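*Asks:* Handing you this structure, nothing more for now.
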Amino acid sequence: MIYELRVYKCVPGRLPALLNRFNTITLKIWERHGIKQAGFWTTLVGESNQELYYLLAWESLADREKKWNAFAADPEWLAKRAETEKDGAIVANVSNQFLAPTAFSSVK
């Protein structure tokens with residue numbers, strides 16, 4: 001199992017719109033594509049309160065490529081994303097890292 005850490009830096013003031021999109025749209029589409037989330041976080045105390053952090057769990061990089069590409073090309077996702085951004089961009093920047101659990105990690 002590998003994990004993908006994704007960090008979305010929102011356009012100022014647009015974090016609520018991003019959270020709503022995940023809650024009402026994105027997670028349902030991910031489920032259809034077999035994409036498994038391992039958790040979502042926002043910053044309680046830190047440098048910025050306009051970021052969303054989340055982990056995705058993948059069987060392998062090939063699993064990730066297949067499922068993520070299918071999601072990214074999903075017509076419903078493309079339409080809903082465009083609809084949620086009709087008033088302007090929500091996300092200013094996305095970064096991601098692929099993480100492997102250590103031998104002593106509580107998750108494998």
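Each chain in the structure tokens gets a letter, A, B, ..., in the order shown, and its residues are numbered from 1; ligands are numbered from 1 in order too.
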So which residues touch segment 55-62 of chain A within 10 Å, counting only C-alpha atoms, skipping near sequence neighbours fewer than 3 positions away, as a ChimeraX atom specification?
*Replies:* /A:1-7,34-41,65-68,96-99
*Asks:* Run DSSP on the backbone and grab whatever in chain A lands in strand (DSSP E or B); send it over as a ChimeraX atom specification.
*Replies:* /A:2-10,36-42,51-58,91-99
*Asks:* As an MDAnalysis selection string, please: every residue in chain A that a backbone DSSP assignment puts in alpha helix (DSSP H).
*Replies:* chainID A and resid 15:21 27:33 61:72 75:84
*Asks:* Write the residues you've just listed into a file as a compact mmCIF listing (two decimals), in the first residue's frame, and include N, CA and C atoms for each of them.
*Replies:*
# COMPACT_ATOMS: atom_id res chain seq x y z
N LEU A 15 -11.79 28.26 0.64
CA LEU A 15 -11.73 26.95 1.27
C LEU A 15 -13.13 26.36 1.51
N PRO A 16 -14.11 27.13 1.99
CA PRO A 16 -15.44 26.55 2.17
C PRO A 16 -16.01 25.95 0.88
N ALA A 17 -15.77 26.57 -0.25
CA ALA A 17 -16.26 26.05 -1.54
C ALA A 17 -15.57 24.72 -1.87
N LEU A 18 -14.27 24.63 -1.57
CA LEU A 18 -13.54 23.39 -1.84
C LEU A 18 -14.06 22.26 -0.94
N LEU A 19 -14.24 22.56 0.34
CA LEU A 19 -14.75 21.55 1.27
C LEU A 19 -16.13 21.07 0.84
N ASN A 20 -16.97 21.99 0.42
CA ASN A 20 -18.31 21.62 -0.05
C ASN A 20 -18.24 20.75 -1.30
N ARG A 21 -17.34 21.07 -2.20
CA ARG A 21 -17.21 20.28 -3.44
C ARG A 21 -16.79 18.85 -3.11
N LEU A 27 -16.23 13.08 -3.55
CA LEU A 27 -16.16 11.77 -2.89
C LEU A 27 -17.08 10.74 -3.55
N LYS A 28 -18.23 11.16 -4.02
CA LYS A 28 -19.15 10.23 -4.70
C LYS A 28 -18.55 9.74 -6.01
N ILE A 29 -17.90 10.62 -6.73
CA ILE A 29 -17.28 10.23 -8.00
C ILE A 29 -16.08 9.33 -7.73
N TRP A 30 -15.29 9.66 -6.71
CA TRP A 30 -14.16 8.79 -6.33
C TRP A 30 -14.65 7.39 -6.03
N GLU A 31 -15.74 7.28 -5.29
CA GLU A 31 -16.27 5.97 -4.92
C GLU A 31 -16.56 5.14 -6.17
N ARG A 32 -17.13 5.76 -7.16
CA ARG A 32 -17.44 5.08 -8.42
C ARG A 32 -16.18 4.57 -9.11
N HIS A 33 -15.05 5.29 -8.92
CA HIS A 33 -13.79 4.91 -9.56
C HIS A 33 -12.90 4.06 -8.65
N LEU A 61 1.49 2.29 -7.68
CA LEU A 61 1.48 3.47 -8.56
C LEU A 61 0.67 3.19 -9.82
N ALA A 62 0.68 1.95 -10.29
CA ALA A 62 -0.13 1.60 -11.46
C ALA A 62 -1.62 1.71 -11.14
N ASP A 63 -2.01 1.28 -9.93
CA ASP A 63 -3.40 1.42 -9.48
C ASP A 63 -3.78 2.89 -9.46
N ARG A 64 -2.90 3.72 -8.95
CA ARG A 64 -3.17 5.16 -8.87
C ARG A 64 -3.33 5.75 -10.26
N GLU A 65 -2.43 5.40 -11.17
CA GLU A 65 -2.48 5.96 -12.52
C GLU A 65 -3.79 5.60 -13.21
N LYS A 66 -4.18 4.36 -13.11
CA LYS A 66 -5.42 3.89 -13.77
C LYS A 66 -6.64 4.62 -13.20
N LYS A 67 -6.78 4.60 -11.89
CA LYS A 67 -7.98 5.17 -11.26
C LYS A 67 -8.01 6.70 -11.34
N TRP A 68 -6.87 7.35 -11.11
CA TRP A 68 -6.83 8.81 -11.13
C TRP A 68 -7.10 9.33 -12.54
N ASN A 69 -6.52 8.69 -13.55
CA ASN A 69 -6.75 9.12 -14.93
C ASN A 69 -8.21 8.97 -15.33
N ALA A 70 -8.84 7.87 -14.88
CA ALA A 70 -10.27 7.68 -15.17
C ALA A 70 -11.10 8.77 -14.49
N PHE A 71 -10.76 9.08 -13.25
CA PHE A 71 -11.47 10.15 -12.54
C PHE A 71 -11.27 11.49 -13.25
N ALA A 72 -10.03 11.81 -13.59
CA ALA A 72 -9.72 13.11 -14.21
C ALA A 72 -10.45 13.31 -15.54
N PRO A 75 -16.68 12.60 -17.29
CA PRO A 75 -17.50 13.72 -17.76
C PRO A 75 -18.29 14.41 -16.64
N GLU A 76 -18.80 13.63 -15.69
CA GLU A 76 -19.54 14.24 -14.59
C GLU A 76 -18.62 15.13 -13.76
N TRP A 77 -17.40 14.63 -13.46
CA TRP A 77 -16.43 15.41 -12.69
C TRP A 77 -16.10 16.71 -13.42
N LEU A 78 -15.81 16.62 -14.71
CA LEU A 78 -15.44 17.80 -15.48
C LEU A 78 -16.56 18.84 -15.46
N ALA A 79 -17.80 18.39 -15.61
CA ALA A 79 -18.93 19.31 -15.61
C ALA A 79 -19.15 19.93 -14.23
N LYS A 80 -19.09 19.11 -13.20
CA LYS A 80 -19.31 19.62 -11.83
C LYS A 80 -18.19 20.55 -11.40
N ARG A 81 -16.95 20.21 -11.75
CA ARG A 81 -15.83 21.09 -11.41
C ARG A 81 -16.02 22.46 -12.07
N ALA A 82 -16.37 22.46 -13.34
CA ALA A 82 -16.60 23.72 -14.05
C ALA A 82 -17.73 24.51 -13.40
N GLU A 83 -18.79 23.82 -13.02
CA GLU A 83 -19.92 24.48 -12.38
C GLU A 83 -19.51 25.13 -11.05
N THR A 84 -18.70 24.43 -10.26
CA THR A 84 -18.29 24.97 -8.95
C THR A 84 -17.28 26.10 -9.09
*Asks:* Excluding Pro12 of chain A and residues on its chain fewer than 2 positions from it, collect all residues at most 10 Å away from it, counting only C-alpha atoms, and give them as a list in words.
*Replies:*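 The neighbour list is Lys9, Cys10, Arg14, Leu15, Asn49, Gln50, Glu51, Ile90, Val91 and Ala92 of chain A.
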*Asks:* Restricting the output to all heavy atoms, write the selected residues as a PDB file, in the first residue's frame.
*Replies:*
ATOM      1  N   LYS A   9      -3.847  24.413  -1.867  1.00  0.00           N
ATOM      2  CA  LYS A   9      -3.787  25.789  -1.363  1.00  0.00           C
ATOM      3  C   LYS A   9      -4.876  26.564  -2.089  1.00  0.00           C
ATOM      4  O   LYS A   9      -4.843  26.723  -3.305  1.00  0.00           O
ATOM      5  CB  LYS A   9      -2.409  26.396  -1.607  1.00  0.00           C
ATOM      6  CG  LYS A   9      -1.348  25.664  -0.815  1.00  0.00           C
ATOM      7  CD  LYS A   9       0.027  26.234  -1.006  1.00  0.00           C
ATOM      8  CE  LYS A   9       0.993  25.377  -0.195  1.00  0.00           C
ATOM      9  NZ  LYS A   9       2.349  25.822  -0.305  1.00  0.00           N
ATOM     10  N   CYS A  10      -5.838  27.034  -1.319  1.00  0.00           N
ATOM     11  CA  CYS A  10      -7.006  27.688  -1.911  1.00  0.00           C
ATOM     12  C   CYS A  10      -6.757  29.159  -2.216  1.00  0.00           C
ATOM     13  O   CYS A  10      -5.945  29.819  -1.574  1.00  0.00           O
ATOM     14  CB  CYS A  10      -8.193  27.575  -0.960  1.00  0.00           C
ATOM     15  SG  CYS A  10      -8.804  25.900  -0.859  1.00  0.00           S
ATOM     16  N   ARG A  14     -11.763  30.829  -0.402  1.00  0.00           N
ATOM     17  CA  ARG A  14     -12.474  29.795  -1.175  1.00  0.00           C
ATOM     18  C   ARG A  14     -12.405  28.394  -0.557  1.00  0.00           C
ATOM     19  O   ARG A  14     -12.934  27.441  -1.121  1.00  0.00           O
ATOM     20  CB  ARG A  14     -11.932  29.758  -2.601  1.00  0.00           C
ATOM     21  CG  ARG A  14     -12.116  31.053  -3.379  1.00  0.00           C
ATOM     22  CD  ARG A  14     -13.538  31.293  -3.789  1.00  0.00           C
ATOM     23  NE  ARG A  14     -13.797  30.498  -4.985  1.00  0.00           N
ATOM     24  CZ  ARG A  14     -15.000  30.124  -5.379  1.00  0.00           C
ATOM     25  NH1 ARG A  14     -16.058  30.448  -4.689  1.00  0.00           N
ATOM     26  NH2 ARG A  14     -15.148  29.400  -6.472  1.00  0.00           N
ATOM     27  N   LEU A  15     -11.789  28.261   0.636  1.00  0.00           N
ATOM     28  CA  LEU A  15     -11.733  26.946   1.268  1.00  0.00           C
ATOM     29  C   LEU A  15     -13.126  26.363   1.513  1.00  0.00           C
ATOM     30  O   LEU A  15     -13.341  25.176   1.236  1.00  0.00           O
ATOM     31  CB  LEU A  15     -10.924  26.981   2.567  1.00  0.00           C
ATOM     32  CG  LEU A  15     -10.791  25.651   3.305  1.00  0.00           C
ATOM     33  CD1 LEU A  15     -10.105  24.594   2.449  1.00  0.00           C
ATOM     34  CD2 LEU A  15     -10.046  25.841   4.615  1.00  0.00           C
ATOM     35  N   ASN A  49      -4.683  29.009   7.031  1.00  0.00           N
ATOM     36  CA  ASN A  49      -5.938  28.300   7.247  1.00  0.00           C
ATOM     37  C   ASN A  49      -6.714  28.186   5.931  1.00  0.00           C
ATOM     38  O   ASN A  49      -7.921  28.008   5.934  1.00  0.00           O
ATOM     39  CB  ASN A  49      -6.779  28.978   8.333  1.00  0.00           C
ATOM     40  CG  ASN A  49      -7.213  30.378   7.942  1.00  0.00           C
ATOM     41  OD1 ASN A  49      -6.838  30.890   6.892  1.00  0.00           O
ATOM     42  ND2 ASN A  49      -8.003  31.007   8.789  1.00  0.00           N
ATOM     43  N   GLN A  50      -6.008  28.289   4.815  1.00  0.00           N
ATOM     44  CA  GLN A  50      -6.620  28.204   3.491  1.00  0.00           C
ATOM     45  C   GLN A  50      -6.106  26.985   2.732  1.00  0.00           C
ATOM     46  O   GLN A  50      -6.017  26.999   1.503  1.00  0.00           O
ATOM     47  CB  GLN A  50      -6.349  29.483   2.689  1.00  0.00           C
ATOM     48  CG  GLN A  50      -7.060  30.700   3.241  1.00  0.00           C
ATOM     49  CD  GLN A  50      -8.568  30.554   3.199  1.00  0.00           C
ATOM     50  OE1 GLN A  50      -9.169  30.290   2.163  1.00  0.00           O
ATOM     51  NE2 GLN A  50      -9.208  30.696   4.354  1.00  0.00           N
ATOM     52  N   GLU A  51      -5.760  25.919   3.477  1.00  0.00           N
ATOM     53  CA  GLU A  51      -5.232  24.712   2.852  1.00  0.00           C
ATOM     54  C   GLU A  51      -6.043  23.500   3.280  1.00  0.00           C
ATOM     55  O   GLU A  51      -6.553  23.426   4.390  1.00  0.00           O
ATOM     56  CB  GLU A  51      -3.766  24.501   3.237  1.00  0.00           C
ATOM     57  CG  GLU A  51      -2.873  25.595   2.713  1.00  0.00           C
ATOM     58  CD  GLU A  51      -1.441  25.491   3.198  1.00  0.00           C
ATOM     59  OE1 GLU A  51      -1.176  24.773   4.184  1.00  0.00           O
ATOM     60  OE2 GLU A  51      -0.591  26.142   2.588  1.00  0.00           O
ATOM     61  N   ILE A  90     -11.060  27.964  -7.365  1.00  0.00           N
ATOM     62  CA  ILE A  90     -11.118  27.616  -5.945  1.00  0.00           C
ATOM     63  C   ILE A  90      -9.707  27.333  -5.433  1.00  0.00           C
ATOM     64  O   ILE A  90      -9.329  27.778  -4.360  1.00  0.00           O
ATOM     65  CB  ILE A  90     -12.029  26.387  -5.727  1.00  0.00           C
ATOM     66  CG1 ILE A  90     -13.483  26.737  -6.062  1.00  0.00           C
ATOM     67  CG2 ILE A  90     -11.906  25.865  -4.303  1.00  0.00           C
ATOM     68  CD1 ILE A  90     -14.437  25.547  -5.995  1.00  0.00           C
ATOM     69  N   VAL A  91      -8.940  26.584  -6.219  1.00  0.00           N
ATOM     70  CA  VAL A  91      -7.610  26.141  -5.807  1.00  0.00           C
ATOM     71  C   VAL A  91      -6.548  26.929  -6.567  1.00  0.00           C
ATOM     72  O   VAL A  91      -6.589  27.028  -7.793  1.00  0.00           O
ATOM     73  CB  VAL A  91      -7.447  24.622  -6.064  1.00  0.00           C
ATOM     74  CG1 VAL A  91      -6.052  24.163  -5.717  1.00  0.00           C
ATOM     75  CG2 VAL A  91      -8.488  23.838  -5.290  1.00  0.00           C
ATOM     76  N   ALA A  92      -5.585  27.468  -5.807  1.00  0.00           N
ATOM     77  CA  ALA A  92      -4.487  28.214  -6.414  1.00  0.00           C
ATOM     78  C   ALA A  92      -3.323  27.304  -6.779  1.00  0.00           C
ATOM     79  O   ALA A  92      -2.621  27.534  -7.759  1.00  0.00           O
ATOM     80  CB  ALA A  92      -4.009  29.309  -5.467  1.00  0.00           C
TER      81      ALA A  92
END
*Asks:* When you draw a straight line from atom CA of Ser95 of chain A to atom CA of Thr42 of chain A, how long is it in Å?
*Replies:* 14.9 Å
